Every structure is written in C-alpha cells, then in structure tokens.
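Below: one structure, written as structure tokens.
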Amino acid sequence: ERMIAEKHKREKLKQVFELNGPVGDDQMTLDQFLAVAKELDLDYSPDQLYKLFEQDDEGDGMVDLKSAKRILDMDKSAVLRKLDTQERSSSRPLSIELSMEAYFGEDTKKENPDISDFEICENQQLGMELYESRIASLQRFVS
C-alpha cells in the first residue's frame, strides 16, 4: 500500500513537472518551483519553499530539474530537518514553530499512516524519557 502511494506520488510529480516545464537546460525558476509545490498540495509555507529553493540556487535564480524533483519528493520530516540545519547555521537564534496539532502526535500519524497508534505511543514515551533524563542530567550538572 505504501509503495503504491509512493508510485502515485512520483507519477503526479512527473505530470506536474511536465505541465510547469523547466526553462532551457533543465532549469527551473522560483515561480515554477512554487507552482509545482502548489500543484502537489505540499504543506509548506511560501517562506519554507523559498528557503529550500535558495539552498540549491547557485545565484542565478534557478535550480536544476534534478534538485527540484529531489526537494519536492522529500518527506516532510526530511524537509524540516534540512530547514532546521539551515536555521542553526545562520546567525539568528533557533526558533521553534508553534504546533497546530489537535493532539500530541497528530503530525507523526499523518506522516506515517502505516504505523500503529501503539507504536507511536511507544516512540513518544521513549522521547519523553530521553528528554526527562537530559533535563535531570542538566540539573545535576548545574547543582
């Protein structure tokens, strides 16, 4: 089922790229990149899409088709990690985006529909335990 969904996503990506074709030598402008992302119903802000485009832009306002496809085919968690890495390397302090989840783990469930609720709970429990152990270590270090 997951493989079928991935195949469908790749076919849609190919179809959208054909409609919003690259300019010249397999290059894509920011406007085309944004149009493709919109057509694919990607759940990213225009600012996030601009930052992704900017990372692969070599200063000419274009990215090659291969890079654009790679970026747009990434899953959401990989995109967020890529954006987070860029944020950390900049001179600005790290900012955390406000979660709009109706319940804790809603985004995880959407990104991984084939994972059972029990597995998500186990992963969240492990995450909380690791977080709490880090806080306890920090408290011991400070005192």
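Convention: chains lettered A, B, ... in structure tokens order; per-chain residue numbering from 1; ligands numbered from 1 as shown.
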
DSSP strand (DSSP E) residues within chain A, as a list in words
Gln27, Met28, Thr29, Met62, Val63 and Asp64 of chain A

Using only C-alpha atoms, which protein or nucleic acid residues come within 12 Å of range 72-85 of chain A? Drop anything in the same chain fewer than 4 positions from it, and give the result as number ranges by chain.
A: 6-14, 16-17, 33-45, 47-56, 65-68, 89-90, 92-97, 107-108, 110-112

Selection file, C-alpha atoms, as a compact mmCIF listing (two decimals), in the first residue's frame:
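This went into out01.txt:
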```txt
# COMPACT_ATOMS: atom_id res chain seq x y z
CA GLU A 6 4.89 6.42 -3.43
CA LYS A 7 4.42 5.38 -7.06
CA HIS A 8 1.32 7.57 -7.31
CA LYS A 9 3.26 10.49 -5.80
CA ARG A 10 6.10 10.07 -8.32
CA GLU A 11 3.64 9.88 -11.22
CA LYS A 12 1.91 13.06 -10.06
CA LEU A 13 5.28 14.75 -9.62
CA LYS A 14 6.24 13.81 -13.17
CA VAL A 16 3.13 18.36 -12.69
CA PHE A 17 6.70 18.88 -13.90
CA PHE A 33 9.10 25.75 -8.30
CA LEU A 34 6.33 27.40 -6.23
CA ALA A 35 3.71 26.49 -8.87
CA VAL A 36 4.78 22.85 -8.80
CA ALA A 37 4.73 22.78 -4.99
CA LYS A 38 1.23 24.32 -5.00
CA GLU A 39 0.01 21.83 -7.58
CA LEU A 40 1.32 18.96 -5.43
CA ASP A 41 -0.55 20.37 -2.38
CA LEU A 42 2.62 20.36 -0.30
CA ASP A 43 2.06 21.53 3.25
CA TYR A 44 4.87 24.10 3.42
CA SER A 45 4.76 27.84 3.85
CA ASP A 47 8.92 31.02 3.23
CA GLN A 48 9.90 27.37 3.72
CA LEU A 49 9.67 26.72 -0.03
CA TYR A 50 11.77 29.80 -0.76
CA LYS A 51 14.45 28.62 1.70
CA LEU A 52 14.51 25.17 0.09
CA PHE A 53 14.86 26.73 -3.35
CA GLU A 54 17.53 29.13 -2.13
CA GLN A 55 19.67 26.29 -0.76
CA ASP A 56 20.07 24.78 -4.23
CA LEU A 65 15.37 19.93 -12.51
CA LYS A 66 17.04 17.05 -10.65
CA SER A 67 17.45 19.15 -7.49
CA ALA A 68 13.88 20.45 -7.69
CA SER A 89 23.85 27.53 10.83
CA SER A 90 22.59 31.08 10.49
CA ARG A 92 19.87 34.03 14.28
CA PRO A 93 18.87 32.17 17.44
CA LEU A 94 16.94 28.95 16.96
CA SER A 95 13.19 29.46 16.85
CA ILE A 96 10.60 26.75 17.26
CA GLU A 97 7.42 26.87 15.24
CA ASP A 107 1.66 15.12 12.57
CA THR A 108 3.51 11.86 13.20
CA LYS A 110 -0.24 11.87 9.19
CA GLU A 111 3.36 11.36 8.01
CA ASN A 112 3.35 7.65 8.89
```

Filtered DSSP result for range 38-67 of chain A, state helix (DSSP H, G or I), as a ChimeraX atom specification:
/A:38-39,46-56,65-67

How about saving the chosen residues, C-alpha atoms kept, as a compact mmCIF listing (two decimals), in the first residue's frame?
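Just written: out32.txt:
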```txt
# COMPACT_ATOMS: atom_id res chain seq x y z
CA LYS A 38 1.23 24.32 -5.00
CA GLU A 39 0.01 21.83 -7.58
CA PRO A 46 5.99 30.05 0.99
CA ASP A 47 8.92 31.02 3.23
CA GLN A 48 9.90 27.37 3.72
CA LEU A 49 9.67 26.72 -0.03
CA TYR A 50 11.77 29.80 -0.76
CA LYS A 51 14.45 28.62 1.70
CA LEU A 52 14.51 25.17 0.09
CA PHE A 53 14.86 26.73 -3.35
CA GLU A 54 17.53 29.13 -2.13
CA GLN A 55 19.67 26.29 -0.76
CA ASP A 56 20.07 24.78 -4.23
CA LEU A 65 15.37 19.93 -12.51
CA LYS A 66 17.04 17.05 -10.65
CA SER A 67 17.45 19.15 -7.49
```

Counting only C-alpha atoms, which of A:Gln32, A:Asp114, A:Ile71, A:Gly61 gets nearest to Ala5 in chain A?
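Going through A:Gln32, A:Asp114, A:Ile71, A:Gly61 one by one, the smallest distance to Ala5 in chain A is for A:Asp114.
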
Just the number, please: distance in Å from CA of Met100 in chain A to CA of Leu138 in chain A, one decimal.
29.0 Å

Have a look at CA of Glu106 in chain A and CA of Glu122 in chain A and let me know their distance in Å, one decimal.
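So the two atoms, CA of Glu106 in chain A and CA of Glu122 in chain A, lie 14.4 Å apart.
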